[in-house]
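Chemist: One structure, pasted below without further comment.
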Amino acid sequence: MDAQGRGRADDIDPADQWVLNPDTGEYELRLAPSAAQSPVPGPRGSGGRGTTGTGGAARARKTAPARRSGAAAPGGETPSPRRRTGAPAETAAGRRGRRPVPKKAKGKKVLVWTGASLALVLVGASGAAYLYYEHLNSNITSVSDDGAGTGGFSKDRAINILLVGTDKRTGKGNEGYGDKDSAGHADTTLVLHVSKDRTNATVLSIPRDLITDIPDCPTTQEDGSEKIIPGTQRTRFNNSLGQEDRTPSCTMRTITELTGLKMDHFMVADFNAVKTLTSAVGGVDVCLAKDIKDPDSKLDLPKGEHTIEGEEALAFVRTRHSVGLGGDLSRIELQQQFLGSMMRKLKSNDTLTSPRKMIKLAEAGTKALTVDSQISTIKKLADLGAELGKFDTKNLTFATVPVDDNPAEKIKATVVLKEPQAQQLFAMVREDVSLSDVKQQKKKEKAAEAARLKGTKAPASEVRVRILNGGAVTGSAQETLSWLQVQEGVTKSENAGNAEQPLAKTTLEYGPDQADQARRLAEIMGLSGAALKPGESVTNSQGVPAMTLTLGKDFEGAGVPLTTPAKVPDAVQKATADKVECAK
């Protein structure tokens, strides 16, 4: 709770007012007698909040709605009525201050993700007092996603979040970092993918010097109008933010073009995020395999294990000349190790059971980040945090997009995608395939999919199939028909036009007596067992029962297999968050 909102002295830490009751497992608000006897101020009405700029875009701070006494509080709770003057102090404090904390849900209360100028903090505040809830809301800065996202995460599907660390010089003490005359770049970019069943997560690191295309970016201006920032071909990925007034929504569009992944949300942070969040959590444990003294990042540490925070933590995630090959890819590995350690620290009981640390994290996190307007309140962040807090750190895998030196350069300064390994990695994430060893699906469901591909296969000449375009490129159905008939001998096939509804994935529906035909067509087209949908046959133009093949948005062309890789390509550098590694 905000100490000033209760009339307390400025030198009292809000965390000191919350005490964990070991008998109930609940936090209780304990006030000094003088404060407890004072009348409790009622809920404040909503007020306008200012707008600032970041990365050339308007940053709109959200306003919490006004609430009358007795109305539902944010998060679905109902506030207690005001205590009348003269009521027993301890009774009132106990009634208003109790914070229900389910014993099995401690891991959902907070999730912090930070590294190399990047931080993601998700805090649960549904049990906090209204004034402190509103105070945290006032800390949050938001920017429109300009339609580049999905419109918001959902509990019934996988979650994709873009995490960006900018090198823009903002905040006290950061004058010596970053590019002095720049609006900032996407200096560190991570794509966090959390599986649909919440058993695992993958973090893709996108090299800042990757050569890619930046698409046209519709961008909301300060006056509410829209401006389309022209795209750029064959440029560094980090130019997708800040440059030419590009906002985080432009980085979202660039990621989608590059990987095929549609982002749900974005979170952006500057240098201060690393400093404030590591201090709030009490430091992050790191390990060095050698002494490092880097005058550029100002990191000076001997080999061995260390607990770092503040300026030292920022220096650690920024150093690159003293680790590995001395480039950005080596720095990415260092940042991944840092993130893994941060996750372990945050999920420890030492953090989750400490009201002081939790409140410091809430303060630091809400001040350090710029988020999209879809998650611009504590309630929305808490809902998202509850979803992201479900997976185990051993099933959190960091992977760097595989790249090669740019062959067009004599002096190597940029990189290009390493093919086909990069596309295989993107496909695995799109199809929700875990990069760790976790079993994502129930055994029965997985076995059923595999069983659909086993058994006899009908000759290609006996396969009867209608082909529909359900979201693929125009002309795909006719292209597939020609390929099947001419090259694969599936002569009993026909183009049935467009599907009634677009599909994200290609499917093959068939009747009970057509399983052998389905297996043959799956083999020819490279379909997985998940693409086969036992159902009913339909009548084709000759009045004969036939299967229905619907080409979804994942269809890339006749003859291109649609089977998702089951194994991470050898060229992909990856590590899991549960392992302690020493930077070399």
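Residues are named by chain letter and number: chains run A, B, ... in the order of the structure tokens, numbers start at 1 in each chain, and ligands are numbered from 1 in the order shown.
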Could you give me, as number ranges by chain, the residues within 10 Å of Leu484 (chain A), counting only C-alpha atoms and dropping anything in the same chain fewer than 4 positions from it?
Modeler: A: 460, 478-480, 488-494, 521, 524-525, 558-559
Chemist: Looking at A:Gly552, A:Arg430, A:Thr189, A:Glu449, which one is nearest to Leu468 (chain A), with distances taken over only C-alpha atoms?
Modeler: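 Answer, going by the shortest atom-to-atom distance: A:Gly552.
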Chemist: May I have the residues within 9 Å of Val473 (chain A) as a list of chain:residue names, using only C-alpha atoms and disregarding those fewer than 6 positions away in the same chain?
Modeler: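 Once the nearby chain positions are removed, what remains is A:Lys553, A:Phe555, A:Glu556, A:Gly557.
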Chemist: Convert the current residue selection to file output with C-alpha atoms, as a JSON list (two decimals), in the first residue's frame.
Modeler:
[["chain", "number", "residue", "atom", "x", "y", "z"],
["A", 553, "LYS", "CA", -2.20, -20.53, -44.21],
["A", 555, "PHE", "CA", 0.77, -24.19, -46.99],
["A", 556, "GLU", "CA", 3.97, -23.11, -48.76],
["A", 557, "GLY", "CA", 3.58, -24.78, -52.14]]
Chemist: Run DSSP on the backbone and give me the residues of region 185-247 of chain A it puts in strand (DSSP E or B), as a PyMOL selection string.
Modeler: chain A and resi 186-194+201-206+210-214+217-220+226-229+232-236
Chemist: Would you save the residues from that selection as a short mmCIF file (atom, residue, chain, number, x, y, z; two decimals), in the first residue's frame, using N, CA and C atoms?
Modeler:
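Output below, filename part.cif:
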data_model
loop_
_atom_site.label_atom_id
_atom_site.label_comp_id
_atom_site.auth_asym_id
_atom_site.auth_seq_id
_atom_site.Cartn_x
_atom_site.Cartn_y
_atom_site.Cartn_z
N ALA A 186 16.48 -1.38 -31.62
CA ALA A 186 16.12 -2.64 -30.97
C ALA A 186 17.43 -3.37 -30.67
N ASP A 187 18.07 -2.93 -29.61
CA ASP A 187 19.43 -3.40 -29.30
C ASP A 187 19.44 -4.86 -28.89
N THR A 188 18.46 -5.27 -28.10
CA THR A 188 18.30 -6.67 -27.69
C THR A 188 16.85 -7.07 -27.92
N THR A 189 16.64 -8.14 -28.65
CA THR A 189 15.28 -8.55 -28.98
C THR A 189 15.08 -10.03 -28.67
N LEU A 190 14.05 -10.32 -27.89
CA LEU A 190 13.71 -11.68 -27.54
C LEU A 190 12.24 -11.92 -27.89
N VAL A 191 11.94 -13.10 -28.37
CA VAL A 191 10.56 -13.51 -28.60
C VAL A 191 10.25 -14.62 -27.60
N LEU A 192 9.35 -14.36 -26.67
CA LEU A 192 8.95 -15.33 -25.66
C LEU A 192 7.71 -16.07 -26.14
N HIS A 193 7.83 -17.39 -26.32
CA HIS A 193 6.70 -18.22 -26.73
C HIS A 193 6.38 -19.17 -25.59
N VAL A 194 5.17 -19.09 -25.06
CA VAL A 194 4.71 -19.98 -24.00
C VAL A 194 3.71 -20.95 -24.60
N ALA A 201 8.30 -23.25 -22.34
CA ALA A 201 8.42 -21.95 -23.02
C ALA A 201 9.73 -21.91 -23.79
N THR A 202 9.75 -21.10 -24.83
CA THR A 202 10.95 -20.92 -25.65
C THR A 202 11.23 -19.43 -25.78
N VAL A 203 12.50 -19.06 -25.68
CA VAL A 203 12.91 -17.68 -25.90
C VAL A 203 13.85 -17.64 -27.11
N LEU A 204 13.41 -16.97 -28.16
CA LEU A 204 14.24 -16.81 -29.36
C LEU A 204 14.98 -15.48 -29.28
N SER A 205 16.30 -15.53 -29.38
CA SER A 205 17.10 -14.30 -29.43
C SER A 205 17.32 -13.93 -30.89
N ILE A 206 16.95 -12.70 -31.27
CA ILE A 206 17.12 -12.22 -32.63
C ILE A 206 18.36 -11.33 -32.68
N LEU A 210 21.16 -8.75 -37.77
CA LEU A 210 20.59 -9.61 -38.80
C LEU A 210 20.03 -8.76 -39.94
N ILE A 211 20.39 -9.10 -41.18
CA ILE A 211 19.87 -8.41 -42.34
C ILE A 211 18.48 -8.96 -42.67
N THR A 212 17.49 -8.07 -42.71
CA THR A 212 16.12 -8.49 -42.96
C THR A 212 15.36 -7.35 -43.63
N ASP A 213 14.09 -7.57 -43.92
CA ASP A 213 13.23 -6.53 -44.48
C ASP A 213 12.32 -5.99 -43.39
N ILE A 214 12.17 -4.67 -43.33
CA ILE A 214 11.24 -4.03 -42.40
C ILE A 214 10.02 -3.59 -43.21
N CYS A 217 4.89 0.43 -41.84
CA CYS A 217 4.38 0.41 -40.47
C CYS A 217 3.37 1.52 -40.23
N PRO A 218 2.07 1.22 -40.20
CA PRO A 218 1.08 2.20 -39.77
C PRO A 218 1.32 2.54 -38.31
N THR A 219 1.46 3.84 -38.00
CA THR A 219 1.86 4.25 -36.66
C THR A 219 0.98 5.39 -36.16
N THR A 220 0.47 5.26 -34.94
CA THR A 220 -0.36 6.29 -34.33
C THR A 220 0.51 7.46 -33.88
N GLU A 226 -2.91 8.72 -38.03
CA GLU A 226 -2.08 7.58 -38.40
C GLU A 226 -1.13 7.96 -39.53
N LYS A 227 0.11 7.54 -39.38
CA LYS A 227 1.13 7.79 -40.38
C LYS A 227 1.76 6.45 -40.77
N ILE A 228 1.90 6.21 -42.05
CA ILE A 228 2.53 4.98 -42.51
C ILE A 228 4.01 5.24 -42.75
N ILE A 229 4.84 4.61 -41.94
CA ILE A 229 6.29 4.75 -42.10
C ILE A 229 6.74 3.73 -43.13
N THR A 232 11.75 -0.76 -45.27
CA THR A 232 13.12 -0.74 -45.78
C THR A 232 13.56 -2.16 -46.10
N GLN A 233 14.17 -2.35 -47.25
CA GLN A 233 14.62 -3.67 -47.66
C GLN A 233 16.09 -3.86 -47.28
N ARG A 234 16.42 -5.07 -46.89
CA ARG A 234 17.80 -5.48 -46.64
C ARG A 234 18.52 -4.51 -45.70
N THR A 235 18.04 -4.43 -44.48
CA THR A 235 18.66 -3.56 -43.49
C THR A 235 18.83 -4.31 -42.18
N ARG A 236 19.57 -3.73 -41.24
CA ARG A 236 19.74 -4.36 -39.93
C ARG A 236 18.40 -4.44 -39.21
#
Chemist: So that I can see what lies close to Glu509 (chain A), please list as number ranges by chain the residues with an atom at most 12 Å from it, counting only C-alpha atoms and leaving out residues fewer than 3 positions away in the same chain.
Modeler: A: 452, 464-468, 506, 512-515, 517-519, 521-522, 529-538, 545-551
Chemist: Skipping near chain neighbours, those fewer than 2 positions away, what residues fall within 8 Å of Leu136 (chain A) using only C-alpha atoms, listed as a CSV table (one decimal) with C-alpha atoms, in the first residue's frame?
Modeler:
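Resulting contents of result.csv:
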chain,number,residue,atom,x,y,z
A,132,TYR,CA,-1.6,1.1,-4.0
A,133,TYR,CA,-3.2,-0.6,-7.0
A,134,GLU,CA,-4.0,2.8,-8.5
A,138,SER,CA,0.0,5.4,-12.7
A,139,ASN,CA,3.6,4.0,-13.1
A,140,ILE,CA,2.7,2.2,-16.3
A,362,ALA,CA,6.2,-4.1,-8.5
A,363,GLU,CA,7.5,-0.5,-8.2
A,366,THR,CA,5.9,-0.8,-13.5
A,378,ILE,CA,-1.9,-4.1,-13.2
Chemist: Would you mind listing, for every residue of region 338-368 of chain A within 6 Å of region 270-285 of chain A, the two atoms forming the shortest contact and the distance between them in Å to one decimal, using only C-alpha atoms, sorted by chain and ascending residue number, as JSON lines?
Modeler:
{"residue": "A:Met342", "atom": "CA", "partner": "A:Val284", "partner_atom": "CA", "distance": 5.8}
{"residue": "A:Lys357", "atom": "CA", "partner": "A:Val281", "partner_atom": "CA", "distance": 5.9}
{"residue": "A:Lys360", "atom": "CA", "partner": "A:Ala280", "partner_atom": "CA", "distance": 5.3}
{"residue": "A:Leu361", "atom": "CA", "partner": "A:Ala280", "partner_atom": "CA", "distance": 5.5}
{"residue": "A:Ala364", "atom": "CA", "partner": "A:Thr276", "partner_atom": "CA", "distance": 5.9}
{"residue": "A:Ala368", "atom": "CA", "partner": "A:Ala273", "partner_atom": "CA", "distance": 5.0}
Chemist: Out of A:Leu417, A:Ser144, A:Gly184, A:Lys505, which residue has the shortest atom-to-atom distance to Thr259 (chain A) when counting only C-alpha atoms?
Modeler: A:Leu417
Chemist: If we count only C-alpha atoms and set the cut-off at 6 Å, which residues sit around Ser297 (chain A), ignoring sequence neighbours fewer than 3 positions away in its own chain? Please answer as number ranges by chain.
Modeler: A: 294, 315, 318-319
Chemist: Any idea what the distance is between CA of Ala148 (chain A) and CA of Lys262 (chain A)?
Modeler: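 Between these atoms lies a distance of 8.1 Å.
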Chemist: Just give me the gap between CA of Ser436 (chain A) and CA of Asp328 (chain A) in Å, one decimal is fine.
Modeler: 24.7 Å
Chemist: I'd like the contact shell of Ser322 (chain A) - 12 Å cut-off, only C-alpha atoms, skipping same-chain residues fewer than 6 positions apart - returned as number ranges by chain.
Modeler: A: 288-301, 315-316, 328, 330-331, 334, 583-584
Chemist: Pick out each residue of region 227-327 of chain A that DSSP on the backbone tags as alpha helix (DSSP H); I need them as a ChimeraX atom specification.
Modeler: /A:248-259,271-280,310-318
